[in-house]
Amino acid sequence: MTRLTRLMVVAALVVRASAATAQVAPDVETVVPAPVPHVRGGDARAVTILTEATVLSSTIARLRADLQQSDVIVTVITGRLADGIDGLARLVAAAGGVRHVRVTLKIPNSTTGLIATLGHELCHATEIAGMPDVRNEASLAAAYRRVGVAMRGEGFFETDAAVRTGEQVAREIARAPRTVAAR
Ligand SMILES: [Zn+2]
């Protein structure tokens with residue numbers, strides 16, 4: 001059994017144990033709905049990558065925890081992107097006190113590459129979370145003209161923080177168990 005599998009089994013057992021406790025001492029008035037996850041996978045591959053990334057990278061676990069406390073909800077999908085682009089974060093909607101960011105991870109890519117790109121793009125999501133005035137593509141572009149560097153022409157921006165975060169996540173994955181990192 002790989003280390004990842006063991007960790008996931010432990011996590012599943014913990015969840016089951018708390019569910020059992022809740023059944024032993026039911027208290028309807030204190031039951032609160034489970035919080036909406038602020039980072040979620042939009043397709044099967046993205047769900048798998050998110051699970052592995054959160055176990056293997058403390059940076060990604062921290063970014064997810066930060067986003068959970070924000071008004072930004074990130075949906076991660078995998079898909080085709082232009083040459084030279086491994087990932088993309090877009091603000092797709094802002095309504096009802098919530099801003100929706102869609103992160104696309106380019107496939108095909110290695111698991112390591114996908115997870116590092118995820119870290120990079122989740123950094124952008126936290127940047128957006130920290131800029132409450134960003135409500136649409138125009139205000140997003142205006143904000144990134146201040147904090148980022150224009151890339152590849154109109155509408156594409158990069159930040160040092162996101163580049164560094166992707167590199168940090170790649171180092172964390174390189175230290176992870178070979179069975180996972182080698183894929
Ligand atoms: Zn970027």
# chains A, B, ... in the order shown; residues from 1 in each chain; ligands from 1
>>> residues_near_ligand(ligand="ligand 1", cutoff="7 Å", atoms="only C-alpha atoms and all ligand atoms", output="PyMOL selection string")
chain A and resi 120-121+124+157-159+162-163
>>> write_last_selection(atoms="C-alpha atoms", output="PDB file, in the first residue's frame")
ATOM      1  CA  HIS A 120       0.346  28.216  -9.265  1.00  0.00           C
ATOM      2  CA  GLU A 121      -3.296  28.830 -10.208  1.00  0.00           C
ATOM      3  CA  HIS A 124      -3.828  33.461  -8.384  1.00  0.00           C
ATOM      4  CA  PHE A 157      -0.962  38.265 -16.728  1.00  0.00           C
ATOM      5  CA  GLU A 158       1.635  36.663 -14.476  1.00  0.00           C
ATOM      6  CA  THR A 159       2.827  37.330 -10.937  1.00  0.00           C
ATOM      7  CA  ALA A 162       2.276  32.471  -8.482  1.00  0.00           C
ATOM      8  CA  VAL A 163       5.513  31.438 -10.218  1.00  0.00           C
TER       9      VAL A 163
END
>>> residues_around(residues="Tyr144 of chain A", least_positions_apart="4", cutoff="12 Å", atoms="only C-alpha atoms", output="VMD selection string")
chain A and resid 124 127 to 128 131 133 to 134 137 to 140 148 to 151 154 to 160
>>> closest_residue(among="A:Arg135, A:Arg152, A:Arg145, A:Arg175", to="Gly97 of chain A", atoms="only C-alpha atoms")
A:Arg135
>>> select_by_dssp(residues="segment 37-164 of chain A", states="strand (DSSP E or B)", output="VMD selection string")
chain A and resid 39 to 41 72 to 79 87 to 95 98 to 106 149 to 150 157 to 158
>>> atom_distance(atom1="atom CA of Gly119 of chain A", atom2="atom CA of Val39 of chain A")
11.8 Å
>>> residues_around(residues="Val74 of chain A", least_positions_apart="3", cutoff="10 Å", atoms="only C-alpha atoms", output="list in words")
Pro37, His38, Val39, Arg40, Gly41, Gly42, Arg64, Leu67, Gln68, Asp71, Ile77, Ala89, Arg90, Leu91, Val92, Arg99, His100, Val101, Arg102, Val103, Glu121, Leu122, Ala125 and Thr126 of chain A
>>> residues_around(residues="Thr78 of chain A", least_positions_apart="6", cutoff="12 Å", atoms="only C-alpha atoms", output="list in words")
Gly41, Gly42, Asp43, Ala44, Arg45, Ala46, Val47, Thr48, Ile49, Leu50, Asp86, Gly87, Leu88, Ala89, Arg102, Val103, Thr104, Leu105, Lys106, Ile107, Pro108, Asn109, Thr111, Leu114, Ile115, Thr117 and Leu118 of chain A
>>> write_last_selection(atoms="N, CA and C atoms", output="tab-separated table (two decimals), in the first residue's frame")
chain	number	residue	atom	x	y	z
A	41	GLY	N	-13.27	19.95	-7.58
A	41	GLY	CA	-12.96	19.45	-8.91
A	41	GLY	C	-14.19	19.43	-9.77
A	42	GLY	N	-14.05	19.85	-11.02
A	42	GLY	CA	-15.17	19.87	-11.95
A	42	GLY	C	-15.21	18.66	-12.87
A	43	ASP	N	-14.19	17.84	-12.83
A	43	ASP	CA	-14.21	16.58	-13.58
A	43	ASP	C	-13.41	15.54	-12.79
A	44	ALA	N	-13.49	14.28	-13.22
A	44	ALA	CA	-12.92	13.19	-12.42
A	44	ALA	C	-11.42	13.34	-12.23
A	45	ARG	N	-10.71	13.74	-13.30
A	45	ARG	CA	-9.25	13.89	-13.18
A	45	ARG	C	-8.90	15.01	-12.20
A	46	ALA	N	-9.65	16.10	-12.28
A	46	ALA	CA	-9.39	17.23	-11.39
A	46	ALA	C	-9.65	16.85	-9.93
A	47	VAL	N	-10.68	16.05	-9.68
A	47	VAL	CA	-10.97	15.60	-8.32
A	47	VAL	C	-9.80	14.77	-7.78
A	48	THR	N	-9.27	13.86	-8.62
A	48	THR	CA	-8.13	13.04	-8.22
A	48	THR	C	-6.91	13.89	-7.93
A	49	ILE	N	-6.63	14.84	-8.83
A	49	ILE	CA	-5.46	15.71	-8.66
A	49	ILE	C	-5.59	16.53	-7.36
A	50	LEU	N	-6.76	17.05	-7.10
A	50	LEU	CA	-6.98	17.85	-5.89
A	50	LEU	C	-6.72	17.02	-4.64
A	86	ASP	N	0.21	26.18	-19.33
A	86	ASP	CA	-0.08	24.95	-18.59
A	86	ASP	C	-1.34	25.06	-17.75
A	87	GLY	N	-1.73	26.30	-17.45
A	87	GLY	CA	-2.91	26.49	-16.61
A	87	GLY	C	-3.43	27.90	-16.75
A	88	LEU	N	-4.68	28.07	-16.33
A	88	LEU	CA	-5.36	29.35	-16.51
A	88	LEU	C	-6.35	29.53	-15.37
A	89	ALA	N	-6.39	30.74	-14.81
A	89	ALA	CA	-7.41	31.06	-13.81
A	89	ALA	C	-8.25	32.21	-14.36
A	102	ARG	N	-12.66	29.89	-12.25
A	102	ARG	CA	-12.46	28.60	-12.89
A	102	ARG	C	-10.98	28.43	-13.23
A	103	VAL	N	-10.39	27.36	-12.73
A	103	VAL	CA	-9.00	27.04	-13.02
A	103	VAL	C	-8.98	25.88	-14.02
A	104	THR	N	-8.29	26.08	-15.13
A	104	THR	CA	-8.12	25.01	-16.10
A	104	THR	C	-6.68	24.52	-16.05
A	105	LEU	N	-6.50	23.21	-15.87
A	105	LEU	CA	-5.18	22.57	-15.92
A	105	LEU	C	-5.07	21.86	-17.26
A	106	LYS	N	-4.00	22.19	-17.99
A	106	LYS	CA	-3.88	21.60	-19.33
A	106	LYS	C	-3.55	20.12	-19.26
A	107	ILE	N	-4.28	19.33	-20.05
A	107	ILE	CA	-3.93	17.94	-20.30
A	107	ILE	C	-3.64	17.79	-21.78
A	108	PRO	N	-2.75	16.84	-22.15
A	108	PRO	CA	-2.03	15.93	-21.24
A	108	PRO	C	-0.90	16.61	-20.48
A	109	ASN	N	-0.66	16.12	-19.24
A	109	ASN	CA	0.48	16.57	-18.44
A	109	ASN	C	0.72	15.48	-17.40
A	111	THR	N	1.26	13.96	-13.58
A	111	THR	CA	0.62	14.29	-12.30
A	111	THR	C	1.40	15.38	-11.59
A	114	LEU	N	0.68	18.67	-13.26
A	114	LEU	CA	-0.67	19.13	-12.97
A	114	LEU	C	-0.76	19.71	-11.56
A	115	ILE	N	-0.11	19.05	-10.60
A	115	ILE	CA	-0.19	19.52	-9.21
A	115	ILE	C	0.57	20.84	-9.04
A	117	THR	N	1.04	23.07	-11.36
A	117	THR	CA	0.22	24.08	-12.02
A	117	THR	C	-0.98	24.45	-11.14
A	118	LEU	N	-1.55	23.45	-10.49
A	118	LEU	CA	-2.66	23.72	-9.56
A	118	LEU	C	-2.21	24.70	-8.48
>>> decode(residues="segment 3-156 of chain A", atoms="C-alpha atoms", output="PDB file, in the first residue's frame")
ATOM      1  CA  ARG A   3       1.753   6.153   1.642  1.00  0.00           C
ATOM      2  CA  LEU A   4      -0.942   8.146  -0.174  1.00  0.00           C
ATOM      3  CA  THR A   5      -3.420   5.273   0.045  1.00  0.00           C
ATOM      4  CA  ARG A   6      -2.732   4.847   3.753  1.00  0.00           C
ATOM      5  CA  LEU A   7      -3.295   8.550   4.399  1.00  0.00           C
ATOM      6  CA  MET A   8      -6.574   8.431   2.502  1.00  0.00           C
ATOM      7  CA  VAL A   9      -7.701   5.392   4.509  1.00  0.00           C
ATOM      8  CA  VAL A  10      -6.875   7.221   7.748  1.00  0.00           C
ATOM      9  CA  ALA A  11      -8.828  10.263   6.554  1.00  0.00           C
ATOM     10  CA  ALA A  12     -11.819   8.079   5.672  1.00  0.00           C
ATOM     11  CA  LEU A  13     -11.712   6.428   9.104  1.00  0.00           C
ATOM     12  CA  VAL A  14     -11.648   9.802  10.847  1.00  0.00           C
ATOM     13  CA  VAL A  15     -14.724  10.921   8.929  1.00  0.00           C
ATOM     14  CA  ARG A  16     -16.541   7.696   9.771  1.00  0.00           C
ATOM     15  CA  ALA A  17     -15.641   8.023  13.460  1.00  0.00           C
ATOM     16  CA  SER A  18     -17.115  11.538  13.713  1.00  0.00           C
ATOM     17  CA  ALA A  19     -20.258  10.368  11.910  1.00  0.00           C
ATOM     18  CA  ALA A  20     -20.607   7.579  14.464  1.00  0.00           C
ATOM     19  CA  THR A  21     -20.197  10.046  17.335  1.00  0.00           C
ATOM     20  CA  ALA A  22     -22.921  12.233  15.868  1.00  0.00           C
ATOM     21  CA  GLN A  23     -25.271   9.252  15.819  1.00  0.00           C
ATOM     22  CA  VAL A  24     -24.568   8.386  19.439  1.00  0.00           C
ATOM     23  CA  ALA A  25     -25.385  11.887  20.641  1.00  0.00           C
ATOM     24  CA  PRO A  26     -27.934  13.370  18.234  1.00  0.00           C
ATOM     25  CA  ASP A  27     -28.617  17.032  18.803  1.00  0.00           C
ATOM     26  CA  VAL A  28     -30.656  18.487  15.977  1.00  0.00           C
ATOM     27  CA  GLU A  29     -30.259  22.088  17.114  1.00  0.00           C
ATOM     28  CA  THR A  30     -26.470  22.033  16.879  1.00  0.00           C
ATOM     29  CA  VAL A  31     -26.276  20.255  13.510  1.00  0.00           C
ATOM     30  CA  VAL A  32     -24.911  22.664  10.913  1.00  0.00           C
ATOM     31  CA  PRO A  33     -24.726  21.917   7.195  1.00  0.00           C
ATOM     32  CA  ALA A  34     -21.319  20.901   5.901  1.00  0.00           C
ATOM     33  CA  PRO A  35     -19.528  23.977   4.498  1.00  0.00           C
ATOM     34  CA  VAL A  36     -19.468  24.376   0.730  1.00  0.00           C
ATOM     35  CA  PRO A  37     -15.951  23.444  -0.414  1.00  0.00           C
ATOM     36  CA  HIS A  38     -14.313  26.551  -1.870  1.00  0.00           C
ATOM     37  CA  VAL A  39     -11.975  24.489  -4.033  1.00  0.00           C
ATOM     38  CA  ARG A  40     -13.615  21.635  -5.920  1.00  0.00           C
ATOM     39  CA  GLY A  41     -12.957  19.447  -8.908  1.00  0.00           C
ATOM     40  CA  GLY A  42     -15.166  19.872 -11.953  1.00  0.00           C
ATOM     41  CA  ASP A  43     -14.212  16.578 -13.578  1.00  0.00           C
ATOM     42  CA  ALA A  44     -12.923  13.192 -12.422  1.00  0.00           C
ATOM     43  CA  ARG A  45      -9.247  13.889 -13.179  1.00  0.00           C
ATOM     44  CA  ALA A  46      -9.388  17.232 -11.387  1.00  0.00           C
ATOM     45  CA  VAL A  47     -10.972  15.596  -8.316  1.00  0.00           C
ATOM     46  CA  THR A  48      -8.134  13.036  -8.215  1.00  0.00           C
ATOM     47  CA  ILE A  49      -5.461  15.711  -8.657  1.00  0.00           C
ATOM     48  CA  LEU A  50      -6.976  17.854  -5.886  1.00  0.00           C
ATOM     49  CA  THR A  51      -7.016  14.909  -3.472  1.00  0.00           C
ATOM     50  CA  GLU A  52      -3.410  13.908  -4.205  1.00  0.00           C
ATOM     51  CA  ALA A  53      -2.193  17.511  -4.213  1.00  0.00           C
ATOM     52  CA  THR A  54      -3.682  18.276  -0.816  1.00  0.00           C
ATOM     53  CA  VAL A  55      -2.043  15.195   0.738  1.00  0.00           C
ATOM     54  CA  LEU A  56       1.366  15.708  -0.898  1.00  0.00           C
ATOM     55  CA  SER A  57       1.745  19.504  -0.779  1.00  0.00           C
ATOM     56  CA  SER A  58       1.414  21.501   2.430  1.00  0.00           C
ATOM     57  CA  THR A  59       1.398  24.649   0.273  1.00  0.00           C
ATOM     58  CA  ILE A  60      -1.714  23.500  -1.574  1.00  0.00           C
ATOM     59  CA  ALA A  61      -3.362  22.464   1.707  1.00  0.00           C
ATOM     60  CA  ARG A  62      -2.687  25.987   3.039  1.00  0.00           C
ATOM     61  CA  LEU A  63      -4.008  27.688  -0.122  1.00  0.00           C
ATOM     62  CA  ARG A  64      -7.199  25.614   0.104  1.00  0.00           C
ATOM     63  CA  ALA A  65      -7.623  26.570   3.773  1.00  0.00           C
ATOM     64  CA  ASP A  66      -7.137  30.266   2.919  1.00  0.00           C
ATOM     65  CA  LEU A  67      -9.673  30.086   0.070  1.00  0.00           C
ATOM     66  CA  GLN A  68     -12.167  28.328   2.342  1.00  0.00           C
ATOM     67  CA  GLN A  69     -12.201  31.510   4.454  1.00  0.00           C
ATOM     68  CA  SER A  70     -12.732  33.767   1.411  1.00  0.00           C
ATOM     69  CA  ASP A  71     -15.658  34.712  -0.867  1.00  0.00           C
ATOM     70  CA  VAL A  72     -13.924  32.951  -3.792  1.00  0.00           C
ATOM     71  CA  ILE A  73     -15.096  29.517  -4.933  1.00  0.00           C
ATOM     72  CA  VAL A  74     -12.712  27.743  -7.306  1.00  0.00           C
ATOM     73  CA  THR A  75     -13.783  25.020  -9.719  1.00  0.00           C
ATOM     74  CA  VAL A  76     -10.813  23.118 -11.156  1.00  0.00           C
ATOM     75  CA  ILE A  77     -11.167  21.404 -14.515  1.00  0.00           C
ATOM     76  CA  THR A  78      -8.767  19.720 -16.919  1.00  0.00           C
ATOM     77  CA  GLY A  79      -8.799  20.526 -20.601  1.00  0.00           C
ATOM     78  CA  ARG A  80      -7.033  21.788 -23.694  1.00  0.00           C
ATOM     79  CA  LEU A  81      -5.097  25.051 -23.613  1.00  0.00           C
ATOM     80  CA  ALA A  82      -2.921  26.852 -26.132  1.00  0.00           C
ATOM     81  CA  ASP A  83       0.754  25.945 -26.541  1.00  0.00           C
ATOM     82  CA  GLY A  84       2.922  27.438 -23.813  1.00  0.00           C
ATOM     83  CA  ILE A  85       0.073  27.661 -21.274  1.00  0.00           C
ATOM     84  CA  ASP A  86      -0.076  24.949 -18.587  1.00  0.00           C
ATOM     85  CA  GLY A  87      -2.907  26.489 -16.610  1.00  0.00           C
ATOM     86  CA  LEU A  88      -5.355  29.354 -16.511  1.00  0.00           C
ATOM     87  CA  ALA A  89      -7.409  31.063 -13.812  1.00  0.00           C
ATOM     88  CA  ARG A  90     -10.458  33.079 -14.868  1.00  0.00           C
ATOM     89  CA  LEU A  91     -13.065  34.978 -12.895  1.00  0.00           C
ATOM     90  CA  VAL A  92     -16.301  33.642 -14.383  1.00  0.00           C
ATOM     91  CA  ALA A  93     -19.003  35.140 -12.146  1.00  0.00           C
ATOM     92  CA  ALA A  94     -19.605  37.381  -9.147  1.00  0.00           C
ATOM     93  CA  ALA A  95     -23.034  37.234  -7.548  1.00  0.00           C
ATOM     94  CA  GLY A  96     -24.704  36.676  -4.202  1.00  0.00           C
ATOM     95  CA  GLY A  97     -21.608  37.552  -2.218  1.00  0.00           C
ATOM     96  CA  VAL A  98     -19.572  34.861  -3.951  1.00  0.00           C
ATOM     97  CA  ARG A  99     -17.001  35.124  -6.725  1.00  0.00           C
ATOM     98  CA  HIS A 100     -16.454  32.080  -8.916  1.00  0.00           C
ATOM     99  CA  VAL A 101     -13.008  31.354 -10.348  1.00  0.00           C
ATOM    100  CA  ARG A 102     -12.457  28.598 -12.887  1.00  0.00           C
ATOM    101  CA  VAL A 103      -8.997  27.038 -13.025  1.00  0.00           C
ATOM    102  CA  THR A 104      -8.120  25.007 -16.105  1.00  0.00           C
ATOM    103  CA  LEU A 105      -5.178  22.574 -15.918  1.00  0.00           C
ATOM    104  CA  LYS A 106      -3.876  21.601 -19.328  1.00  0.00           C
ATOM    105  CA  ILE A 107      -3.925  17.936 -20.296  1.00  0.00           C
ATOM    106  CA  PRO A 108      -2.034  15.934 -21.237  1.00  0.00           C
ATOM    107  CA  ASN A 109       0.475  16.569 -18.437  1.00  0.00           C
ATOM    108  CA  SER A 110       2.220  14.507 -15.754  1.00  0.00           C
ATOM    109  CA  THR A 111       0.620  14.291 -12.304  1.00  0.00           C
ATOM    110  CA  THR A 112       3.556  16.290 -10.955  1.00  0.00           C
ATOM    111  CA  GLY A 113       3.056  18.951 -13.621  1.00  0.00           C
ATOM    112  CA  LEU A 114      -0.675  19.128 -12.967  1.00  0.00           C
ATOM    113  CA  ILE A 115      -0.189  19.522  -9.211  1.00  0.00           C
ATOM    114  CA  ALA A 116       2.488  22.221  -9.589  1.00  0.00           C
ATOM    115  CA  THR A 117       0.218  24.077 -12.018  1.00  0.00           C
ATOM    116  CA  LEU A 118      -2.655  23.719  -9.565  1.00  0.00           C
ATOM    117  CA  GLY A 119      -0.513  25.389  -6.877  1.00  0.00           C
ATOM    118  CA  HIS A 120       0.346  28.216  -9.265  1.00  0.00           C
ATOM    119  CA  GLU A 121      -3.296  28.830 -10.208  1.00  0.00           C
ATOM    120  CA  LEU A 122      -4.596  28.550  -6.625  1.00  0.00           C
ATOM    121  CA  CYS A 123      -2.103  31.298  -5.759  1.00  0.00           C
ATOM    122  CA  HIS A 124      -3.828  33.461  -8.384  1.00  0.00           C
ATOM    123  CA  ALA A 125      -7.185  32.571  -6.791  1.00  0.00           C
ATOM    124  CA  THR A 126      -5.927  33.812  -3.401  1.00  0.00           C
ATOM    125  CA  GLU A 127      -4.653  36.981  -5.105  1.00  0.00           C
ATOM    126  CA  ILE A 128      -8.181  37.530  -6.448  1.00  0.00           C
ATOM    127  CA  ALA A 129      -9.613  36.768  -2.995  1.00  0.00           C
ATOM    128  CA  GLY A 130      -7.423  39.561  -1.626  1.00  0.00           C
ATOM    129  CA  MET A 131      -8.770  42.079  -4.172  1.00  0.00           C
ATOM    130  CA  PRO A 132     -12.482  42.489  -3.339  1.00  0.00           C
ATOM    131  CA  ASP A 133     -12.945  45.118  -6.073  1.00  0.00           C
ATOM    132  CA  VAL A 134     -12.247  42.507  -8.753  1.00  0.00           C
ATOM    133  CA  ARG A 135     -15.747  41.548  -9.939  1.00  0.00           C
ATOM    134  CA  ASN A 136     -15.367  40.880 -13.679  1.00  0.00           C
ATOM    135  CA  GLU A 137     -12.808  40.437 -16.460  1.00  0.00           C
ATOM    136  CA  ALA A 138     -12.280  44.199 -16.824  1.00  0.00           C
ATOM    137  CA  SER A 139     -11.597  44.844 -13.132  1.00  0.00           C
ATOM    138  CA  LEU A 140      -9.475  41.689 -13.029  1.00  0.00           C
ATOM    139  CA  ALA A 141      -7.320  42.969 -15.893  1.00  0.00           C
ATOM    140  CA  ALA A 142      -7.074  46.411 -14.274  1.00  0.00           C
ATOM    141  CA  ALA A 143      -5.931  44.894 -10.974  1.00  0.00           C
ATOM    142  CA  TYR A 144      -3.353  42.634 -12.626  1.00  0.00           C
ATOM    143  CA  ARG A 145      -1.929  45.541 -14.608  1.00  0.00           C
ATOM    144  CA  ARG A 146      -0.967  46.874 -11.157  1.00  0.00           C
ATOM    145  CA  VAL A 147       0.230  43.667  -9.442  1.00  0.00           C
ATOM    146  CA  GLY A 148       1.320  41.521 -12.377  1.00  0.00           C
ATOM    147  CA  VAL A 149       3.172  41.500 -15.658  1.00  0.00           C
ATOM    148  CA  ALA A 150       1.336  41.309 -18.994  1.00  0.00           C
ATOM    149  CA  MET A 151       2.095  38.128 -20.916  1.00  0.00           C
ATOM    150  CA  ARG A 152       1.345  36.886 -24.406  1.00  0.00           C
ATOM    151  CA  GLY A 153      -0.670  39.964 -25.271  1.00  0.00           C
ATOM    152  CA  GLU A 154      -3.943  41.354 -24.032  1.00  0.00           C
ATOM    153  CA  GLY A 155      -5.694  39.588 -21.164  1.00  0.00           C
ATOM    154  CA  PHE A 156      -2.880  37.354 -19.867  1.00  0.00           C
TER     155      PHE A 156
END
